[in-house]
>>> print(open('query39.pdb').read())   # PDB, C-alpha atoms
ATOM      1  CA  MET A   1       1.691  15.852  27.934
ATOM      2  CA  ILE A   2       0.743  13.348  25.229
ATOM      3  CA  ASP A   3       0.324   9.695  26.016
ATOM      4  CA  PHE A   4       3.315   8.141  24.265
ATOM      5  CA  LYS A   5       1.859   4.663  23.897
ATOM      6  CA  LEU A   6      -1.343   6.012  22.384
ATOM      7  CA  PHE A   7       0.735   8.054  19.964
ATOM      8  CA  ILE A   8       2.733   4.988  18.839
ATOM      9  CA  ASP A   9      -0.432   2.897  18.505
ATOM     10  CA  PHE A  10      -2.052   5.637  16.438
ATOM     11  CA  ILE A  11       0.909   5.893  14.058
ATOM     12  CA  LEU A  12       1.189   2.109  13.632
ATOM     13  CA  LEU A  13      -2.527   1.678  12.977
ATOM     14  CA  THR A  14      -2.546   4.558  10.473
ATOM     15  CA  PHE A  15       0.307   2.957   8.555
ATOM     16  CA  ILE A  16      -1.449  -0.423   8.631
ATOM     17  CA  LEU A  17      -4.642   1.138   7.285
ATOM     18  CA  VAL A  18      -2.796   2.926   4.476
ATOM     19  CA  LEU A  19      -0.935  -0.286   3.598
ATOM     20  CA  ALA A  20      -4.156  -2.321   3.531
ATOM     21  CA  ILE A  21      -5.795   0.123   1.128
ATOM     22  CA  ALA A  22      -2.674   0.165  -1.047
ATOM     23  CA  ILE A  23      -2.458  -3.655  -1.176
ATOM     24  CA  ALA A  24      -6.105  -3.914  -2.196
ATOM     25  CA  ARG A  25      -5.787  -1.286  -4.905
ATOM     26  CA  LEU A  26      -2.541  -2.419  -6.514
ATOM     27  CA  ASP A  27      -2.500  -4.228  -9.839
ATOM     28  CA  ASP A  28       1.160  -5.213  -9.747
ATOM     29  CA  LEU A  29       1.291  -8.369  -7.629
ATOM     30  CA  PHE A  30       5.005  -8.126  -6.838
ATOM     31  CA  SER A  31       4.588  -4.742  -5.156
ATOM     32  CA  ALA A  32       1.534  -6.058  -3.324
ATOM     33  CA  VAL A  33       3.591  -8.944  -1.922
ATOM     34  CA  ILE A  34       6.325  -6.600  -0.690
ATOM     35  CA  LEU A  35       3.693  -4.395   0.947
ATOM     36  CA  THR A  36       2.240  -7.498   2.624
ATOM     37  CA  GLY A  37       5.655  -8.129   4.171
ATOM     38  CA  ILE A  38       5.750  -4.573   5.509
ATOM     39  CA  PHE A  39       2.198  -5.082   6.820
ATOM     40  CA  SER A  40       3.353  -8.132   8.767
ATOM     41  CA  LEU A  41       6.294  -6.202  10.211
ATOM     42  CA  LEU A  42       4.024  -3.379  11.424
ATOM     43  CA  THR A  43       1.639  -5.915  12.944
ATOM     44  CA  ALA A  44       4.617  -7.409  14.787
ATOM     45  CA  CYS A  45       5.401  -3.929  16.182
ATOM     46  CA  LEU A  46       1.767  -3.659  17.295
ATOM     47  CA  TYR A  47       2.037  -6.954  19.160
ATOM     48  CA  LEU A  48       5.222  -5.660  20.758
ATOM     49  CA  THR A  49       3.433  -2.610  22.151
ATOM     50  CA  MET A  50       0.960  -5.011  23.763
ATOM     51  CA  ASP A  51       3.839  -6.886  25.502
ATOM     52  CA  ALA A  52       3.242 -10.076  23.482
ATOM     53  CA  VAL A  53       6.868 -10.765  22.603
ATOM     54  CA  ASP A  54       6.617 -14.389  21.461
ATOM     55  CA  VAL A  55       3.729 -13.564  19.143
ATOM     56  CA  ALA A  56       5.614 -10.556  17.734
ATOM     57  CA  PHE A  57       8.689 -12.740  17.166
ATOM     58  CA  THR A  58       6.680 -15.367  15.309
ATOM     59  CA  GLU A  59       4.783 -12.778  13.260
ATOM     60  CA  ALA A  60       7.990 -11.029  12.210
ATOM     61  CA  ALA A  61       9.755 -14.286  11.316
ATOM     62  CA  VAL A  62       6.843 -15.996   9.566
ATOM     63  CA  GLY A  63       4.885 -13.066   8.138
ATOM     64  CA  GLY A  64       7.761 -10.795   7.272
ATOM     65  CA  GLY A  65      10.175 -13.500   6.238
ATOM     66  CA  ILE A  66       8.864 -16.828   5.041
ATOM     67  CA  ALA A  67       5.439 -15.735   3.807
ATOM     68  CA  THR A  68       6.938 -12.926   1.741
ATOM     69  CA  ILE A  69       9.491 -15.184   0.050
ATOM     70  CA  LEU A  70       6.909 -17.910  -0.611
ATOM     71  CA  LEU A  71       4.467 -15.381  -2.072
ATOM     72  CA  ILE A  72       7.240 -13.980  -4.293
ATOM     73  CA  SER A  73       7.982 -17.513  -5.521
ATOM     74  CA  ALA A  74       4.269 -18.009  -6.181
ATOM     75  CA  VAL A  75       4.137 -14.759  -8.170
ATOM     76  CA  ALA A  76       7.176 -15.947 -10.130
ATOM     77  CA  LEU A  77       5.386 -19.232 -10.848
ATOM     78  CA  THR A  78       2.173 -17.606 -12.036
ATOM     79  CA  THR A  79       1.646 -14.083 -13.332
ATOM     80  CA  SER A  80       2.848 -10.773 -11.995
ATOM     81  CA  LYS A  81      -0.140  -8.658 -12.927
ATOM     82  CA  GLN A  82      -3.622  -8.936 -11.578
ATOM     83  CA  GLN A  83      -6.195  -9.589 -14.257
ATOM     84  CA  PRO A  84      -8.676  -6.713 -14.587
ATOM     85  CA  SER A  85     -12.211  -7.631 -13.595
ATOM     86  CA  ASN A  86     -15.246  -5.702 -14.780
ATOM     87  CA  ARG A  87     -17.616  -6.842 -12.039
ATOM     88  CA  SER A  88     -19.215  -4.139  -9.950
ATOM     89  CA  CYS A  89     -17.924  -3.953  -6.401
ATOM     90  CA  ILE A  90     -21.037  -2.432  -4.813
ATOM     91  CA  PRO A  91     -22.406  -5.687  -3.229
ATOM     92  CA  ALA A  92     -18.998  -6.495  -1.745
ATOM     93  CA  CYS A  93     -18.635  -2.969  -0.359
ATOM     94  CA  CYS A  94     -22.086  -3.199   1.269
ATOM     95  CA  ILE A  95     -21.264  -6.527   2.940
ATOM     96  CA  VAL A  96     -17.899  -5.252   4.222
ATOM     97  CA  LEU A  97     -19.538  -2.078   5.560
ATOM     98  CA  LEU A  98     -22.203  -4.154   7.330
ATOM     99  CA  ALA A  99     -19.540  -6.378   8.925
ATOM    100  CA  ALA A 100     -17.513  -3.329  10.013
ATOM    101  CA  ILE A 101     -20.539  -1.670  11.633
ATOM    102  CA  THR A 102     -21.383  -4.909  13.483
ATOM    103  CA  LEU A 103     -17.811  -5.271  14.754
ATOM    104  CA  ILE A 104     -17.588  -1.649  15.900
ATOM    105  CA  TYR A 105     -20.932  -2.036  17.683
ATOM    106  CA  GLY A 106     -19.573  -5.128  19.422
ATOM    107  CA  ILE A 107     -16.397  -3.338  20.576
ATOM    108  CA  PHE A 108     -18.362  -1.327  23.141
ATOM    109  CA  ASP A 109     -19.166  -4.532  25.009
ATOM    110  CA  ILE A 110     -15.536  -5.596  25.448
ATOM    111  CA  THR A 111     -13.814  -4.653  28.716
ATOM    112  CA  PRO A 112     -10.974  -2.147  28.312
ATOM    113  CA  PHE A 113      -7.549  -3.493  27.410
ATOM    114  CA  GLY A 114      -5.607  -4.825  30.388
ATOM    115  CA  THR A 115      -8.229  -4.753  33.145
ATOM    116  CA  GLY A 116      -8.148  -7.658  35.555
ATOM    117  CA  ASN A 117     -11.780  -8.727  35.390
ATOM    118  CA  SER A 118     -12.003  -9.541  31.682
ATOM    119  CA  PRO A 119     -13.045 -13.135  30.939
ATOM    120  CA  VAL A 120      -9.603 -13.950  29.516
ATOM    121  CA  HIS A 121      -7.974 -13.454  32.899
ATOM    122  CA  GLN A 122     -10.518 -15.406  34.908
ATOM    123  CA  TYR A 123     -10.733 -19.128  34.674
ATOM    124  CA  LEU A 124      -7.711 -21.059  33.510
ATOM    125  CA  ALA A 125      -5.212 -18.232  33.007
ATOM    126  CA  ASP A 126      -4.982 -17.617  36.768
ATOM    127  CA  ARG A 127      -4.247 -21.264  37.428
ATOM    128  CA  TYR A 128      -1.547 -21.393  34.738
ATOM    129  CA  VAL A 129       0.158 -18.196  35.891
ATOM    130  CA  LEU A 130       0.113 -19.167  39.561
ATOM    131  CA  GLN A 131       1.006 -22.865  39.224
ATOM    132  CA  SER A 132       3.513 -22.745  36.357
ATOM    133  CA  PRO A 133       6.605 -21.818  38.433
ATOM    134  CA  THR A 134       6.046 -24.721  40.832
ATOM    135  CA  GLU A 135       4.696 -27.319  38.431
ATOM    136  CA  ILE A 136       6.941 -26.696  35.423
ATOM    137  CA  GLY A 137       9.643 -24.363  36.621
ATOM    138  CA  ILE A 138      10.722 -22.571  33.448
ATOM    139  CA  PRO A 139      10.743 -18.754  33.354
ATOM    140  CA  ASN A 140       8.964 -18.333  30.015
ATOM    141  CA  MET A 141       5.295 -18.857  30.764
ATOM    142  CA  VAL A 142       4.286 -18.763  27.123
ATOM    143  CA  THR A 143       6.438 -21.813  26.419
ATOM    144  CA  SER A 144       5.117 -23.604  29.488
ATOM    145  CA  ILE A 145       1.516 -23.084  28.365
ATOM    146  CA  LEU A 146       2.311 -23.876  24.723
ATOM    147  CA  ALA A 147       4.428 -26.955  25.307
ATOM    148  CA  SER A 148       3.102 -28.449  28.499
ATOM    149  CA  TYR A 149      -0.385 -27.352  29.510
ATOM    150  CA  ARG A 150      -1.578 -27.135  25.911
ATOM    151  CA  GLY A 151       0.854 -29.646  24.405
ATOM    152  CA  TYR A 152      -1.890 -31.470  22.563
ATOM    153  CA  ASP A 153      -2.877 -28.315  20.661
ATOM    154  CA  THR A 154       0.753 -27.764  19.689
ATOM    155  CA  LEU A 155       0.795 -31.320  18.366
ATOM    156  CA  GLY A 156      -2.137 -30.348  16.140
ATOM    157  CA  GLU A 157      -0.254 -27.255  14.948
ATOM    158  CA  VAL A 158       2.809 -29.265  13.951
ATOM    159  CA  THR A 159       0.589 -31.778  12.167
ATOM    160  CA  VAL A 160      -0.980 -28.923  10.208
ATOM    161  CA  ILE A 161       2.451 -27.680   9.118
ATOM    162  CA  PHE A 162       3.465 -31.207   8.117
ATOM    163  CA  THR A 163       0.213 -31.611   6.160
ATOM    164  CA  ALA A 164       0.909 -28.344   4.338
ATOM    165  CA  GLY A 165       4.306 -29.718   3.323
ATOM    166  CA  ILE A 166       2.729 -32.940   2.075
ATOM    167  CA  ALA A 167       0.082 -30.993   0.138
ATOM    168  CA  VAL A 168       2.681 -28.864  -1.676
ATOM    169  CA  LEU A 169       4.729 -32.012  -2.312
ATOM    170  CA  MET A 170       1.723 -33.688  -3.921
ATOM    171  CA  LEU A 171       0.815 -30.652  -6.001
ATOM    172  CA  LEU A 172       4.246 -29.538  -7.197
ATOM    173  CA  GLY A 173       6.582 -32.450  -6.616
ATOM    174  CA  GLY A 174       5.555 -34.952  -9.209
ATOM    175  CA  ARG A 175       6.198 -33.114 -12.433
ATOM    176  CA  GLU A 176       9.228 -35.168 -13.424
ATOM    177  CA  SER A 177       7.392 -38.490 -13.253
ATOM    178  CA  SER A 178       5.222 -37.837 -16.318
ATOM    179  CA  ASP A 179       8.320 -37.075 -18.412
ATOM    180  CA  THR A 180      10.084 -40.226 -17.241
ATOM    181  CA  LYS A 181       6.958 -42.250 -18.005
ATOM    182  CA  GLN A 182       6.927 -40.801 -21.527
ATOM    183  CA  GLY A 183      10.619 -41.547 -21.929
ATOM    184  CA  ASN A 184      10.140 -45.160 -20.797
ATOM    185  CA  ALA A 185       7.189 -45.601 -23.163
ATOM    186  CA  ASN A 186       9.296 -44.334 -26.063
ATOM    187  CA  LYS A 187      12.104 -46.684 -25.112
ATOM    188  CA  ASP A 188       9.776 -49.694 -25.148
ATOM    189  CA  THR A 189       8.311 -49.080 -28.607
TER     190      THR A 189
ATOM    191  CA  MET B   1      26.987 -14.674  -9.818
ATOM    192  CA  ARG B   2      30.550 -13.457 -10.318
ATOM    193  CA  HIS B   3      29.327  -9.899 -10.555
ATOM    194  CA  TYR B   4      27.433  -9.909  -7.294
ATOM    195  CA  LEU B   5      30.537  -9.920  -5.124
ATOM    196  CA  ILE B   6      29.094  -7.843  -2.312
ATOM    197  CA  LEU B   7      26.012 -10.037  -2.149
ATOM    198  CA  ARG B   8      28.067 -13.229  -2.017
ATOM    199  CA  ILE B   9      30.441 -12.019   0.662
ATOM    200  CA  SER B  10      27.756 -10.538   2.902
ATOM    201  CA  ALA B  11      25.707 -13.724   2.545
ATOM    202  CA  LYS B  12      28.746 -15.789   3.538
ATOM    203  CA  LEU B  13      29.177 -13.575   6.589
ATOM    204  CA  LEU B  14      25.514 -13.583   7.564
ATOM    205  CA  ILE B  15      24.487 -17.212   7.078
ATOM    206  CA  PRO B  16      26.529 -18.692   9.978
ATOM    207  CA  LEU B  17      25.190 -15.960  12.267
ATOM    208  CA  ILE B  18      21.625 -16.713  11.209
ATOM    209  CA  LEU B  19      22.125 -20.430  11.874
ATOM    210  CA  LEU B  20      23.657 -19.686  15.277
ATOM    211  CA  PHE B  21      20.740 -17.413  16.120
ATOM    212  CA  ALA B  22      18.317 -20.155  15.114
ATOM    213  CA  PHE B  23      19.988 -22.597  17.489
ATOM    214  CA  TYR B  24      19.970 -19.951  20.227
ATOM    215  CA  VAL B  25      16.261 -19.290  19.818
ATOM    216  CA  GLN B  26      15.558 -23.025  19.777
ATOM    217  CA  PHE B  27      17.358 -23.935  22.957
ATOM    218  CA  HIS B  28      16.621 -20.769  24.927
ATOM    219  CA  GLY B  29      12.891 -20.934  24.341
ATOM    220  CA  ASP B  30      12.526 -21.791  28.000
ATOM    221  CA  TYR B  31      14.189 -18.628  29.209
ATOM    222  CA  GLY B  32      13.292 -15.975  26.667
ATOM    223  CA  PRO B  33      10.962 -15.457  23.743
ATOM    224  CA  GLY B  34      11.293 -18.149  21.170
ATOM    225  CA  GLY B  35      10.770 -21.852  20.839
ATOM    226  CA  GLY B  36      10.421 -24.356  18.096
ATOM    227  CA  PHE B  37       8.354 -22.460  15.531
ATOM    228  CA  GLN B  38      10.472 -19.326  15.416
ATOM    229  CA  ALA B  39      13.725 -21.286  15.446
ATOM    230  CA  GLY B  40      12.598 -23.551  12.610
ATOM    231  CA  VAL B  41      11.632 -20.582  10.469
ATOM    232  CA  ILE B  42      14.951 -18.797  11.086
ATOM    233  CA  PHE B  43      16.885 -21.984  10.300
ATOM    234  CA  ALA B  44      15.036 -22.359   6.997
ATOM    235  CA  VAL B  45      15.650 -18.675   6.215
ATOM    236  CA  ALA B  46      19.419 -19.236   6.378
ATOM    237  CA  PHE B  47      19.189 -21.961   3.740
ATOM    238  CA  ILE B  48      16.798 -19.864   1.646
ATOM    239  CA  LEU B  49      19.271 -16.953   1.721
ATOM    240  CA  TYR B  50      21.988 -19.325   0.549
ATOM    241  CA  SER B  51      19.816 -20.569  -2.303
ATOM    242  CA  LEU B  52      18.868 -17.015  -3.309
ATOM    243  CA  VAL B  53      22.529 -16.028  -3.663
ATOM    244  CA  PHE B  54      24.169 -19.248  -4.854
ATOM    245  CA  GLY B  55      21.332 -21.083  -6.607
ATOM    246  CA  VAL B  56      18.904 -23.741  -5.503
ATOM    247  CA  GLU B  57      21.015 -26.587  -7.010
ATOM    248  CA  SER B  58      23.893 -25.838  -4.637
ATOM    249  CA  THR B  59      21.450 -25.940  -1.740
ATOM    250  CA  LEU B  60      20.292 -29.370  -2.915
ATOM    251  CA  ASN B  61      23.938 -30.442  -2.948
ATOM    252  CA  ILE B  62      24.196 -29.510   0.713
ATOM    253  CA  ILE B  63      20.983 -31.149   1.897
ATOM    254  CA  SER B  64      19.305 -33.611  -0.413
ATOM    255  CA  PHE B  65      15.608 -33.524  -1.120
ATOM    256  CA  ASP B  66      15.035 -36.995   0.327
ATOM    257  CA  MET B  67      16.679 -35.862   3.573
ATOM    258  CA  LEU B  68      14.224 -32.950   3.777
ATOM    259  CA  ARG B  69      11.278 -35.265   3.361
ATOM    260  CA  ILE B  70      12.614 -37.597   6.042
ATOM    261  CA  LEU B  71      13.354 -34.718   8.429
ATOM    262  CA  SER B  72       9.901 -33.196   8.114
ATOM    263  CA  ALA B  73       8.345 -36.450   9.268
ATOM    264  CA  LEU B  74      11.047 -37.074  11.884
ATOM    265  CA  GLY B  75      10.181 -33.995  13.943
ATOM    266  CA  LEU B  76       6.521 -34.935  14.181
ATOM    267  CA  LEU B  77       7.547 -38.510  15.000
ATOM    268  CA  LEU B  78       9.751 -37.223  17.847
ATOM    269  CA  TYR B  79       6.837 -35.223  19.239
ATOM    270  CA  ILE B  80       4.447 -38.170  19.139
ATOM    271  CA  GLY B  81       7.216 -40.433  20.426
ATOM    272  CA  VAL B  82       7.495 -38.336  23.579
ATOM    273  CA  GLY B  83       3.760 -38.710  24.070
ATOM    274  CA  ILE B  84       3.880 -42.473  23.558
ATOM    275  CA  ALA B  85       6.881 -42.752  25.880
ATOM    276  CA  ALA B  86       4.717 -41.172  28.570
ATOM    277  CA  LEU B  87       2.033 -43.762  27.753
ATOM    278  CA  LEU B  88       4.529 -46.630  28.020
ATOM    279  CA  LEU B  89       5.749 -45.339  31.374
ATOM    280  CA  GLY B  90       2.245 -45.718  32.732
ATOM    281  CA  SER B  91       0.722 -42.246  32.600
ATOM    282  CA  ASN B  92      -1.396 -40.219  30.183
ATOM    283  CA  PHE B  93      -0.436 -39.210  26.653
ATOM    284  CA  LEU B  94       1.986 -36.234  26.710
ATOM    285  CA  ASP B  95       2.277 -36.250  30.496
ATOM    286  CA  TYR B  96       5.879 -35.166  31.028
ATOM    287  CA  ASN B  97       5.911 -35.743  34.783
ATOM    288  CA  VAL B  98       6.834 -39.414  34.360
ATOM    289  CA  LEU B  99       9.796 -38.860  32.020
ATOM    290  CA  ALA B 100      12.235 -38.390  34.898
ATOM    291  CA  THR B 101      12.384 -39.170  38.610
ATOM    292  CA  GLU B 102      11.253 -35.667  39.534
ATOM    293  CA  PRO B 103       8.211 -34.075  37.871
ATOM    294  CA  VAL B 104       9.932 -30.719  37.232
ATOM    295  CA  SER B 105      12.918 -32.394  35.523
ATOM    296  CA  GLY B 106      10.472 -34.476  33.511
ATOM    297  CA  GLN B 107       8.752 -31.294  32.375
ATOM    298  CA  HIS B 108      12.082 -29.785  31.315
ATOM    299  CA  ILE B 109      13.028 -32.891  29.328
ATOM    300  CA  GLY B 110       9.603 -33.151  27.725
ATOM    301  CA  ILE B 111       9.468 -29.491  26.710
ATOM    302  CA  MET B 112      12.992 -29.571  25.266
ATOM    303  CA  LEU B 113      12.269 -32.709  23.231
ATOM    304  CA  ILE B 114       8.995 -31.535  21.770
ATOM    305  CA  GLU B 115      10.387 -28.096  20.936
ATOM    306  CA  LEU B 116      13.199 -29.907  19.108
ATOM    307  CA  GLY B 117      10.606 -31.914  17.185
ATOM    308  CA  VAL B 118       8.675 -28.776  16.315
ATOM    309  CA  GLY B 119      11.845 -26.981  15.158
ATOM    310  CA  ILE B 120      12.968 -29.867  12.949
ATOM    311  CA  THR B 121       9.581 -30.226  11.247
ATOM    312  CA  VAL B 122       9.054 -26.499  10.713
ATOM    313  CA  ALA B 123      12.557 -25.972   9.263
ATOM    314  CA  ALA B 124      12.290 -28.962   6.931
ATOM    315  CA  VAL B 125       8.782 -28.095   5.723
ATOM    316  CA  MET B 126       9.599 -24.418   5.075
ATOM    317  CA  LEU B 127      12.696 -25.344   3.065
ATOM    318  CA  LEU B 128      10.739 -28.087   1.256
ATOM    319  CA  ILE B 129       7.992 -25.684   0.209
ATOM    320  CA  PHE B 130      10.510 -23.112  -0.991
ATOM    321  CA  ILE B 131      12.437 -25.653  -3.083
ATOM    322  CA  LEU B 132       9.196 -26.980  -4.584
ATOM    323  CA  PHE B 133       8.076 -23.475  -5.497
ATOM    324  CA  ALA B 134      11.475 -22.882  -7.099
ATOM    325  CA  GLY B 135      10.671 -25.809  -9.359
ATOM    326  CA  LEU B 136      13.294 -28.327  -8.397
ATOM    327  CA  GLY B 137      11.521 -30.908  -6.277
ATOM    328  CA  ARG B 138      11.571 -34.091  -8.232
ATOM    329  CA  PRO B 139      11.203 -37.608  -6.877
ATOM    330  CA  SER B 140      14.504 -39.442  -7.356
TER     331      SER B 140
END
>>> encode(input="query39.pdb", output="structure tokens")
Amino acid sequence: MIDFKLFIDFILLTFILVLAIAIARLDDLFSAVILTGIFSLLTACLYLTMDAVDVAFTEAAVGGGIATILLISAVALTTSKQQPSNRSCIPACCIVLLAAITLIYGIFDITPFGTGNSPVHQYLADRYVLQSPTEIGIPNMVTSILASYRGYDTLGEVTVIFTAGIAVLMLLGGRESSDTKQGNANKDT
Amino acid sequence: MRHYLILRISAKLLIPLILLFAFYVQFHGDYGPGGGFQAGVIFAVAFILYSLVFGVESTLNIISFDMLRILSALGLLLYIGVGIAALLLGSNFLDYNVLATEPVSGQHIGIMLIELGVGITVAAVMLLIFILFAGLGRPS
């Protein structure tokens, strides 16, 4: 009798690995962007198997939706083919291999997924889970932690999004002003 | 766009449903998965779908560019306003307990208001970035 969850995890991770290799090896940027959207969708499925529904929702909406369309617009603004580079990739491969070996060595120190005595479930998480129904009273505990217990961090997140909007506005929003300045200068002379 | 009849009609059928779903996710973030971020993104996606099918100029006829800039700041202002209201009522910054006579009701009110602020800012900024990438954001 196979373990169904392990089977699903295995299939999802295999697809994600194949997609990552394909995205890195593609020259056509449009196809790479579409594959990035599929990558985000598979990651959302992975979060779903771990019972993290809010995170999966956000990943599917933002990664599979908005990020894909913004990347496609960026590809339309710039070029659609990656420029060929003739630098050797051996140093980069060595560094990535070193990082991978370090991470895999570190995995053996982590407690297995879902056990009760991992550090994540110890200090504050117990207090939030136990006190949230009486102190805040809404069923969705993710929202109560995000909006009430950690409301200040969410304020920082919204400020980051607003700053991103301002940055794009400054970079791409002022192109008409130089033309109008030229037109006014021509009118004066 | 006269040739793309199927695209136009299916977009016209889908866009109200997407907007309704965005409002559902926004206001039921307390009871199910969702909240401000997801709802803002889905709301912006409805407008982006409209601009993909009918052109970005028609989208700018519906909601002007100045309105988007104002809305993106308004959501953040609402969030900080809730925090300052808690300050003015005598407690700490972003302490929702003082917003109503009972602490639990105050928490409900505070969470609903800040999620609204988050949703407004996220929707406006996503649409703003898309319109700027499409090349039509000019200061008027």
>>> residues_around(input="query39.pdb", residues="stretch 127-140 of chain A", least_positions_apart="5", cutoff="6 Å", atoms="only C-alpha atoms", output="PyMOL selection string")
chain B and resi 30-32+104+107
>>> resolve_selection(input="query39.pdb", expression="the ChimeraX specification (/A :<9) & /B", output="MDAnalysis selection string")
chainID B and resid 29:35 37:38 41:42 44:45 48 69 72:73 75:76 79:80 93:96 103:108 110:112 114:115 117:118 121:122 124:126 128:130 132:139
>>> resolve_selection(input="query39.pdb", expression="the PyMOL selection byres ((chain B and resi 6-22) around 12)", output="PyMOL selection string")
(chain A and resi 61) or (chain B and resi 1-5+23-29+34-55+116+119-120+123)
>>> atom_distance(input="query39.pdb", atom1="atom CA of A:Gly116", atom2="atom CA of A:Ile101")
27.6 Å
>>> atom_distance(input="query39.pdb", atom1="atom CA of A:Asn86", atom2="atom CA of A:Leu29")
18.2 Å
>>> atom_distance(input="query39.pdb", atom1="atom CA of B:Gly81", atom2="atom CA of B:Leu113")
9.6 Å
>>> resolve_selection(input="query39.pdb", expression="the PyMOL selection byres ((chain A and resi 41) around 9)", output="compact mmCIF listing (two decimals) with C-alpha atoms, in the coordinates of the input")
# COMPACT_ATOMS: atom_id res chain seq x y z
CA THR A 36 2.24 -7.50 2.62
CA GLY A 37 5.66 -8.13 4.17
CA ILE A 38 5.75 -4.57 5.51
CA PHE A 39 2.20 -5.08 6.82
CA SER A 40 3.35 -8.13 8.77
CA LEU A 42 4.02 -3.38 11.42
CA THR A 43 1.64 -5.92 12.94
CA ALA A 44 4.62 -7.41 14.79
CA CYS A 45 5.40 -3.93 16.18
CA LEU A 46 1.77 -3.66 17.30
CA ALA A 56 5.61 -10.56 17.73
CA GLU A 59 4.78 -12.78 13.26
CA ALA A 60 7.99 -11.03 12.21
CA ALA A 61 9.76 -14.29 11.32
CA GLY A 63 4.88 -13.07 8.14
CA GLY A 64 7.76 -10.80 7.27
